[in-house]
Amino acid sequence: MNVFSHFRDEIVASLREIASAGDLPADLDFRAVTAEPPRDPSHGDVATNAAMVLARPASMKPRDIAALLAVRLERVDGVASVEIAGPGFINLRLVSGFWHDRLREVLRAGVAYGDSEIGAGRPVNVEYVSANPTGPLHVGHGRGAVFGDVLASLLSKAGFAVTREYYVNDAGAQVDVLARSAHLRYREALGESVGDVPEGLYPGEYLKEVGAALARKHGDAWLDKPESEWLEPVREAAIAAMMALIREDLEAVGIRHDVFTSERALVEAGRVGEVLDDLEKRGFIYTGVLEPPKGKLPEDWEPRPQTLFRSTAFGDDVDRPLRKSDGEWTYFATDIAYHLDKYRRGFANMIDVWGADHGGYVKRMKAAVEAVTGGEADLDVKLCQLVKVLRSGELVRMSKRAGDFVTLREVVDEVGKGVVRFIMLTRKNDAPLDFDLAKVLEQSRDNPVFYVQYAHARVCSVLRNAAEMFPGEDLSDSALVNADLSLLAAPEEIDLIRMAATWPRIVEGAAEAHEPHRLAFYLYDLASQLHALWTKGRDQPELRFLIEDDRPLSLARLAMVRGVGIVVASGLGVFGIEPAEEMR
RNA sequence: GCGCCCGUAGCUCAGUGGAUAGAGCGUCGGCCUCCGGAGCCGAAGGUCAUAGGUUCGAAUCCUAUCGGGCGCGCCA
């Protein structure tokens, strides 16, 4: 249960009753009414702004509305008291039994706790990674990869029908460069001395294996032959090899896409021509000459008539070219066809995860989606900022093997996939991220992965101790749910349960905002509160989780501690991280 | 020049239009013979870049300015 949407429903129901009794205007709009945790916990458990937001439309004083509402809210299940405060807030204080019920809910649900129906089974397509098939993934790709993957899991937990998609850019000039680079390595594999890799080709050593494989399979069939004879087959082989490499890299961080869509296949199926014909008929395509870009002028700039999409009609700054001077489609043109393809496959909700360097591309893509779907589809583009890889504060320089960047694989091999997945979400997607290889392995509060994992391990540890202290006692979740939870009455205990019971609200909020990093911050806070209470037990033995001569109280506290462990596990589950049983 | 993102404590950053803006690190002071050590409690530290505006209420929304990052036809 999302406690806050539950009470919001109760509040709105009460408002409707008041309206039908004639004490409020009949046609009030309640959308602005919220129910939230008050910033200051001493104000109670749930606060609503109802009286303040309705005052003006109802032409009444906030306090008068609050008084009417308070009377009814006092009778709502779980409400202990209602007070009107400040400019017109209504603060609800809940009975502790309400929180005990939530704890039972956690224990019954297990890691499914926090699952929500707000998605109502609606399909969402999350497209992420989509790195060019020209080499291994670097850490920047890794951030987008983890972000997209966890966002997908989060949306799935929130009740959406999620498809994880990878768009394979296997049609542009970059894959021809790849083919030439692979052919060079092929010649090398056949004994030729190629020297330094020429400017304009991919220098990465990972292509040596591709060249060697080509040599094994095809012998000297493409040696000393014109490019036209080998370009296509070499390209196919190289793309396949690169995609295999990328999928291994993704597998190493625990990512598997449901769908791989090939750009080349879309082009060859004539889908680009189709969508552009349609746009042309509707008058969104014309031939024109663009103004030269301001600022840094390309050296070979010359005014030239181009096939342009009227993206300015949909909020873009300039109209965008669809055809290159060699007659090929621009990337944008194929991307329009691709997004229409997603829409036709049933996705009115699309999320694209891109690197921040593609920021200038967002407006035109949104414009295009609006144009080709008649405004029926919603595209959200999430831009992931750069990752700076450090070791104890020192910038880590690029690796030779890959060419010029730190590969995702190197980082995963060094610190583990769970750490990579968590750290990538400890910042908002649009803020730059420092990834310190030394710090993320520290066992300290400064390291969020450790701190959160330690909370789960500590819960497991307490349970292990309990099993020794109370041999024969059933300590499973289904047994703990029957513990006498009314014994959990200390404010610290209710606070901890309240925090754990906020999880469903965090899930829904993060899912709606497409912001998985919120989960990381929440888990850190929850862990912090558990550790604090544990430590408090040192000075105040009566607060310890296990008290040998008070079995009922110990069982109740085990239920609480276990509840926290479940929520941590549920959160780590969304992150795709295995919760730790112990920290050794 | 234009567009997008960002500007919050000494540093790194949270903060879904709500009440007295939070956390970690660092600094200072205390605690640490514990269910599992890798920590806990407290203090100091803020013109939320600046100036206007909208609102009962703005770090949050709008406008302008300043500062930083990214991008700016035929790359993807």
# chains A, B, ... in the order shown; residues from 1 in each chain; ligands from 1
call {"tool": "select_by_dssp", "arguments": {"residues": "segment 379-489 of chain A", "states": "alpha helix (DSSP H)", "output": "PyMOL selection string"}}
result
chain A and resi 408-415+417-423+448-469+477-480
call {"tool": "closest_atom_pairs", "arguments": {"of": "chain B", "to": "chain A", "cutoff": "10 Å", "atoms": "only C-alpha atoms (C1' of nucleotides)", "output": "JSON lines"}}
result
{"residue": "B:G1", "atom": "C1'", "partner": "A:Lys294", "partner_atom": "CA", "distance": 5.8}
{"residue": "B:C2", "atom": "C1'", "partner": "A:Lys294", "partner_atom": "CA", "distance": 7.3}
{"residue": "B:G3", "atom": "C1'", "partner": "A:Gly360", "partner_atom": "CA", "distance": 6.9}
{"residue": "B:C4", "atom": "C1'", "partner": "A:Gly359", "partner_atom": "CA", "distance": 5.9}
{"residue": "B:C5", "atom": "C1'", "partner": "A:Asp430", "partner_atom": "CA", "distance": 6.8}
{"residue": "B:C6", "atom": "C1'", "partner": "A:Ala431", "partner_atom": "CA", "distance": 7.5}
{"residue": "B:U12", "atom": "C1'", "partner": "A:Asp434", "partner_atom": "CA", "distance": 9.2}
{"residue": "B:C13", "atom": "C1'", "partner": "A:Arg427", "partner_atom": "CA", "distance": 7.9}
{"residue": "B:A14", "atom": "C1'", "partner": "A:Phe521", "partner_atom": "CA", "distance": 7.4}
{"residue": "B:U16", "atom": "C1'", "partner": "A:Gly509", "partner_atom": "CA", "distance": 6.8}
{"residue": "B:G18", "atom": "C1'", "partner": "A:Asn49", "partner_atom": "CA", "distance": 7.7}
{"residue": "B:A19", "atom": "C1'", "partner": "A:Gly86", "partner_atom": "CA", "distance": 6.5}
{"residue": "B:U20", "atom": "C1'", "partner": "A:Asp40", "partner_atom": "CA", "distance": 8.9}
{"residue": "B:A23", "atom": "C1'", "partner": "A:Asp525", "partner_atom": "CA", "distance": 8.5}
{"residue": "B:G24", "atom": "C1'", "partner": "A:Asp446", "partner_atom": "CA", "distance": 6.1}
{"residue": "B:C25", "atom": "C1'", "partner": "A:Asp446", "partner_atom": "CA", "distance": 7.2}
{"residue": "B:C31", "atom": "C1'", "partner": "A:Asp539", "partner_atom": "CA", "distance": 9.1}
{"residue": "B:C32", "atom": "C1'", "partner": "A:Arg538", "partner_atom": "CA", "distance": 8.7}
{"residue": "B:C34", "atom": "C1'", "partner": "A:Arg538", "partner_atom": "CA", "distance": 5.6}
{"residue": "B:C35", "atom": "C1'", "partner": "A:Val462", "partner_atom": "CA", "distance": 5.8}
{"residue": "B:G36", "atom": "C1'", "partner": "A:Arg458", "partner_atom": "CA", "distance": 6.7}
{"residue": "B:A38", "atom": "C1'", "partner": "A:Gln443", "partner_atom": "CA", "distance": 5.8}
{"residue": "B:G39", "atom": "C1'", "partner": "A:Thr535", "partner_atom": "CA", "distance": 8.1}
{"residue": "B:C40", "atom": "C1'", "partner": "A:Thr535", "partner_atom": "CA", "distance": 5.9}
{"residue": "B:C41", "atom": "C1'", "partner": "A:Lys536", "partner_atom": "CA", "distance": 9.2}
{"residue": "B:C56", "atom": "C1'", "partner": "A:Met52", "partner_atom": "CA", "distance": 7.0}
{"residue": "B:G57", "atom": "C1'", "partner": "A:Pro87", "partner_atom": "CA", "distance": 8.7}
{"residue": "B:G69", "atom": "C1'", "partner": "A:Pro432", "partner_atom": "CA", "distance": 9.2}
{"residue": "B:C70", "atom": "C1'", "partner": "A:Asp357", "partner_atom": "CA", "distance": 5.6}
{"residue": "B:G71", "atom": "C1'", "partner": "A:Gly360", "partner_atom": "CA", "distance": 5.1}
{"residue": "B:C72", "atom": "C1'", "partner": "A:Pro293", "partner_atom": "CA", "distance": 6.4}
{"residue": "B:G73", "atom": "C1'", "partner": "A:Pro321", "partner_atom": "CA", "distance": 7.1}
{"residue": "B:C74", "atom": "C1'", "partner": "A:Lys324", "partner_atom": "CA", "distance": 4.3}
{"residue": "B:C75", "atom": "C1'", "partner": "A:Gln174", "partner_atom": "CA", "distance": 8.4}
{"residue": "B:A76", "atom": "C1'", "partner": "A:Tyr331", "partner_atom": "CA", "distance": 6.7}
call {"tool": "closest_residue", "arguments": {"among": "A:Gly135, A:Gly472, A:Pro25, A:Gly254", "to": "Ala240 of chain A", "atoms": "only C-alpha atoms"}}
result
A:Gly135
call {"tool": "residues_around", "arguments": {"residues": "Gly346 of chain A", "least_positions_apart": "3", "cutoff": "9 Å", "atoms": "only C-alpha atoms (C1' of nucleotides)", "output": "list in words"}}
result
Pro123, Val124, Asp341, Lys342, Tyr343 and Asn349 of chain A
call {"tool": "residues_around", "arguments": {"residues": "Leu480 of chain A", "least_positions_apart": "4", "cutoff": "8 Å", "atoms": "only C-alpha atoms (C1' of nucleotides)", "output": "JSON, numbers by chain"}}
result
{"A": [107, 474, 475, 476, 555, 556, 558, 559]}
call {"tool": "atom_distance", "arguments": {"atom1": "atom CA of Asp277 of chain A", "atom2": "atom CA of Thr307 of chain A"}}
result
12.0 Å
call {"tool": "select_by_dssp", "arguments": {"residues": "segment 142-217 of chain A", "states": "strand (DSSP E)", "output": "list in words"}}
result
Ala161, Val162, Thr163, Arg164, Glu165, Tyr166, Tyr167 and Val168 of chain A
call {"tool": "write_last_selection", "arguments": {"atoms": "all heavy atoms", "output": "PDB file, in the first residue's frame"}}
result
ATOM      1  N   ALA A 161       4.208  -2.633 -18.650  1.00  0.00           N
ATOM      2  CA  ALA A 161       4.704  -3.754 -19.454  1.00  0.00           C
ATOM      3  C   ALA A 161       5.905  -3.242 -20.232  1.00  0.00           C
ATOM      4  O   ALA A 161       5.763  -2.537 -21.227  1.00  0.00           O
ATOM      5  CB  ALA A 161       3.614  -4.247 -20.398  1.00  0.00           C
ATOM      6  N   VAL A 162       7.082  -3.581 -19.766  1.00  0.00           N
ATOM      7  CA  VAL A 162       8.305  -2.944 -20.249  1.00  0.00           C
ATOM      8  C   VAL A 162       9.013  -3.798 -21.296  1.00  0.00           C
ATOM      9  O   VAL A 162       9.138  -5.009 -21.134  1.00  0.00           O
ATOM     10  CB  VAL A 162       9.275  -2.694 -19.074  1.00  0.00           C
ATOM     11  CG1 VAL A 162      10.553  -2.038 -19.565  1.00  0.00           C
ATOM     12  CG2 VAL A 162       8.617  -1.839 -18.010  1.00  0.00           C
ATOM     13  N   THR A 163       9.461  -3.151 -22.353  1.00  0.00           N
ATOM     14  CA  THR A 163      10.339  -3.803 -23.327  1.00  0.00           C
ATOM     15  C   THR A 163      11.674  -3.085 -23.326  1.00  0.00           C
ATOM     16  O   THR A 163      11.731  -1.862 -23.411  1.00  0.00           O
ATOM     17  CB  THR A 163       9.710  -3.755 -24.734  1.00  0.00           C
ATOM     18  OG1 THR A 163       8.524  -4.535 -24.729  1.00  0.00           O
ATOM     19  CG2 THR A 163      10.678  -4.309 -25.773  1.00  0.00           C
ATOM     20  N   ARG A 164      12.737  -3.875 -23.187  1.00  0.00           N
ATOM     21  CA  ARG A 164      14.089  -3.315 -23.189  1.00  0.00           C
ATOM     22  C   ARG A 164      14.624  -3.451 -24.609  1.00  0.00           C
ATOM     23  O   ARG A 164      14.694  -4.551 -25.144  1.00  0.00           O
ATOM     24  CB  ARG A 164      14.983  -4.098 -22.236  1.00  0.00           C
ATOM     25  CG  ARG A 164      14.594  -3.981 -20.793  1.00  0.00           C
ATOM     26  CD  ARG A 164      15.301  -5.084 -20.005  1.00  0.00           C
ATOM     27  NE  ARG A 164      15.600  -4.696 -18.634  1.00  0.00           N
ATOM     28  CZ  ARG A 164      14.768  -4.869 -17.624  1.00  0.00           C
ATOM     29  NH1 ARG A 164      13.591  -5.423 -17.805  1.00  0.00           N
ATOM     30  NH2 ARG A 164      15.120  -4.499 -16.406  1.00  0.00           N
ATOM     31  N   GLU A 165      15.011  -2.333 -25.194  1.00  0.00           N
ATOM     32  CA  GLU A 165      15.373  -2.358 -26.605  1.00  0.00           C
ATOM     33  C   GLU A 165      16.732  -1.739 -26.884  1.00  0.00           C
ATOM     34  O   GLU A 165      17.141  -0.786 -26.229  1.00  0.00           O
ATOM     35  CB  GLU A 165      14.275  -1.630 -27.410  1.00  0.00           C
ATOM     36  CG  GLU A 165      14.518  -1.636 -28.898  1.00  0.00           C
ATOM     37  CD  GLU A 165      13.235  -1.682 -29.710  1.00  0.00           C
ATOM     38  OE1 GLU A 165      12.186  -2.102 -29.189  1.00  0.00           O
ATOM     39  OE2 GLU A 165      13.300  -1.291 -30.893  1.00  0.00           O
ATOM     40  N   TYR A 166      17.386  -2.315 -27.863  1.00  0.00           N
ATOM     41  CA  TYR A 166      18.702  -1.833 -28.324  1.00  0.00           C
ATOM     42  C   TYR A 166      18.564  -1.538 -29.813  1.00  0.00           C
ATOM     43  O   TYR A 166      18.115  -2.376 -30.581  1.00  0.00           O
ATOM     44  CB  TYR A 166      19.752  -2.931 -28.087  1.00  0.00           C
ATOM     45  CG  TYR A 166      21.199  -2.543 -28.301  1.00  0.00           C
ATOM     46  CD1 TYR A 166      22.110  -2.690 -27.261  1.00  0.00           C
ATOM     47  CD2 TYR A 166      21.669  -2.082 -29.521  1.00  0.00           C
ATOM     48  CE1 TYR A 166      23.454  -2.369 -27.434  1.00  0.00           C
ATOM     49  CE2 TYR A 166      23.002  -1.755 -29.693  1.00  0.00           C
ATOM     50  CZ  TYR A 166      23.895  -1.899 -28.649  1.00  0.00           C
ATOM     51  OH  TYR A 166      25.222  -1.585 -28.816  1.00  0.00           O
ATOM     52  N   TYR A 167      18.917  -0.318 -30.210  1.00  0.00           N
ATOM     53  CA  TYR A 167      18.862   0.065 -31.615  1.00  0.00           C
ATOM     54  C   TYR A 167      20.261  -0.066 -32.189  1.00  0.00           C
ATOM     55  O   TYR A 167      21.184   0.623 -31.748  1.00  0.00           O
ATOM     56  CB  TYR A 167      18.369   1.511 -31.713  1.00  0.00           C
ATOM     57  CG  TYR A 167      18.216   2.052 -33.115  1.00  0.00           C
ATOM     58  CD1 TYR A 167      17.594   1.314 -34.122  1.00  0.00           C
ATOM     59  CD2 TYR A 167      18.645   3.335 -33.423  1.00  0.00           C
ATOM     60  CE1 TYR A 167      17.432   1.832 -35.396  1.00  0.00           C
ATOM     61  CE2 TYR A 167      18.487   3.880 -34.691  1.00  0.00           C
ATOM     62  CZ  TYR A 167      17.880   3.116 -35.680  1.00  0.00           C
ATOM     63  OH  TYR A 167      17.713   3.645 -36.933  1.00  0.00           O
ATOM     64  N   VAL A 168      20.410  -0.963 -33.135  1.00  0.00           N
ATOM     65  CA  VAL A 168      21.740  -1.250 -33.680  1.00  0.00           C
ATOM     66  C   VAL A 168      22.000  -0.351 -34.882  1.00  0.00           C
ATOM     67  O   VAL A 168      21.368  -0.499 -35.926  1.00  0.00           O
ATOM     68  CB  VAL A 168      21.851  -2.729 -34.099  1.00  0.00           C
ATOM     69  CG1 VAL A 168      23.283  -3.032 -34.529  1.00  0.00           C
ATOM     70  CG2 VAL A 168      21.427  -3.653 -32.963  1.00  0.00           C
TER      71      VAL A 168
END
call {"tool": "residues_around", "arguments": {"residues": "Glu117 of chain A", "least_positions_apart": "6", "cutoff": "10 Å", "atoms": "only C-alpha atoms (C1' of nucleotides)", "output": "number ranges by chain"}}
result
A: 156-160, 508
call {"tool": "write_last_selection", "arguments": {"atoms": "N, CA, C and O atoms", "output": "mmCIF file, in the first residue's frame"}}
result
data_model
loop_
_atom_site.group_PDB
_atom_site.id
_atom_site.type_symbol
_atom_site.label_atom_id
_atom_site.label_comp_id
_atom_site.auth_asym_id
_atom_site.auth_seq_id
_atom_site.Cartn_x
_atom_site.Cartn_y
_atom_site.Cartn_z
ATOM 1 N N SER A 156 8.741 -1.675 -14.496
ATOM 2 C CA SER A 156 8.105 -2.970 -14.425
ATOM 3 C C SER A 156 7.525 -3.199 -13.026
ATOM 4 O O SER A 156 6.397 -3.673 -12.869
ATOM 5 N N LYS A 157 8.280 -2.814 -12.012
ATOM 6 C CA LYS A 157 7.779 -2.928 -10.629
ATOM 7 C C LYS A 157 6.556 -2.039 -10.411
ATOM 8 O O LYS A 157 5.684 -2.352 -9.606
ATOM 9 N N ALA A 158 6.518 -0.932 -11.147
ATOM 10 C CA ALA A 158 5.401 -0.001 -11.016
ATOM 11 C C ALA A 158 4.213 -0.410 -11.885
ATOM 12 O O ALA A 158 3.249 0.339 -12.013
ATOM 13 N N GLY A 159 4.308 -1.569 -12.517
ATOM 14 C CA GLY A 159 3.135 -2.092 -13.210
ATOM 15 C C GLY A 159 3.054 -1.825 -14.698
ATOM 16 O O GLY A 159 2.019 -2.045 -15.321
ATOM 17 N N PHE A 160 4.151 -1.351 -15.292
ATOM 18 C CA PHE A 160 4.161 -1.168 -16.738
ATOM 19 C C PHE A 160 4.628 -2.455 -17.417
ATOM 20 O O PHE A 160 5.344 -3.256 -16.818
ATOM 21 N N GLU A 508 6.782 4.522 -6.715
ATOM 22 C CA GLU A 508 5.855 5.190 -7.635
ATOM 23 C C GLU A 508 6.388 6.547 -8.074
ATOM 24 O O GLU A 508 6.312 6.902 -9.259
#
call {"tool": "residues_around", "arguments": {"residues": "A59 of chain B", "least_positions_apart": "3", "cutoff": "9 Å", "atoms": "only C-alpha atoms (C1' of nucleotides)", "output": "ChimeraX atom specification"}}
result
/B:8,15,21,48
call {"tool": "residues_around", "arguments": {"residues": "Val412 of chain A", "least_positions_apart": "4", "cutoff": "12 Å", "atoms": "only C-alpha atoms (C1' of nucleotides)", "output": "list of chain:residue names"}}
result
A:Leu137, A:His138, A:Val139, A:Gly142, A:Arg143, A:Glu248, A:Asp249, A:Leu250, A:Glu251, A:Ala252, A:Val253, A:Gly254, A:Val406, A:Thr407, A:Leu408, A:Gly416, A:Lys417, A:Gly418, A:Val419, A:Val420, A:Arg421, A:Phe422, A:Ile423, A:Met424, A:Phe435, A:Leu437, A:Val440
call {"tool": "closest_residue", "arguments": {"among": "A:Gly571, A:Pro491, A:Pro504, A:Pro471", "to": "Asp115 of chain A", "atoms": "only C-alpha atoms"}}
result
A:Pro504
call {"tool": "atom_distance", "arguments": {"atom1": "atom CA of Phe147 of chain A", "atom2": "atom CA of Ala333 of chain A"}}
result
26.5 Å
call {"tool": "atom_distance", "arguments": {"atom1": "atom CA of Asp413 of chain A", "atom2": "atom CA of Leu441 of chain A"}}
result
12.7 Å
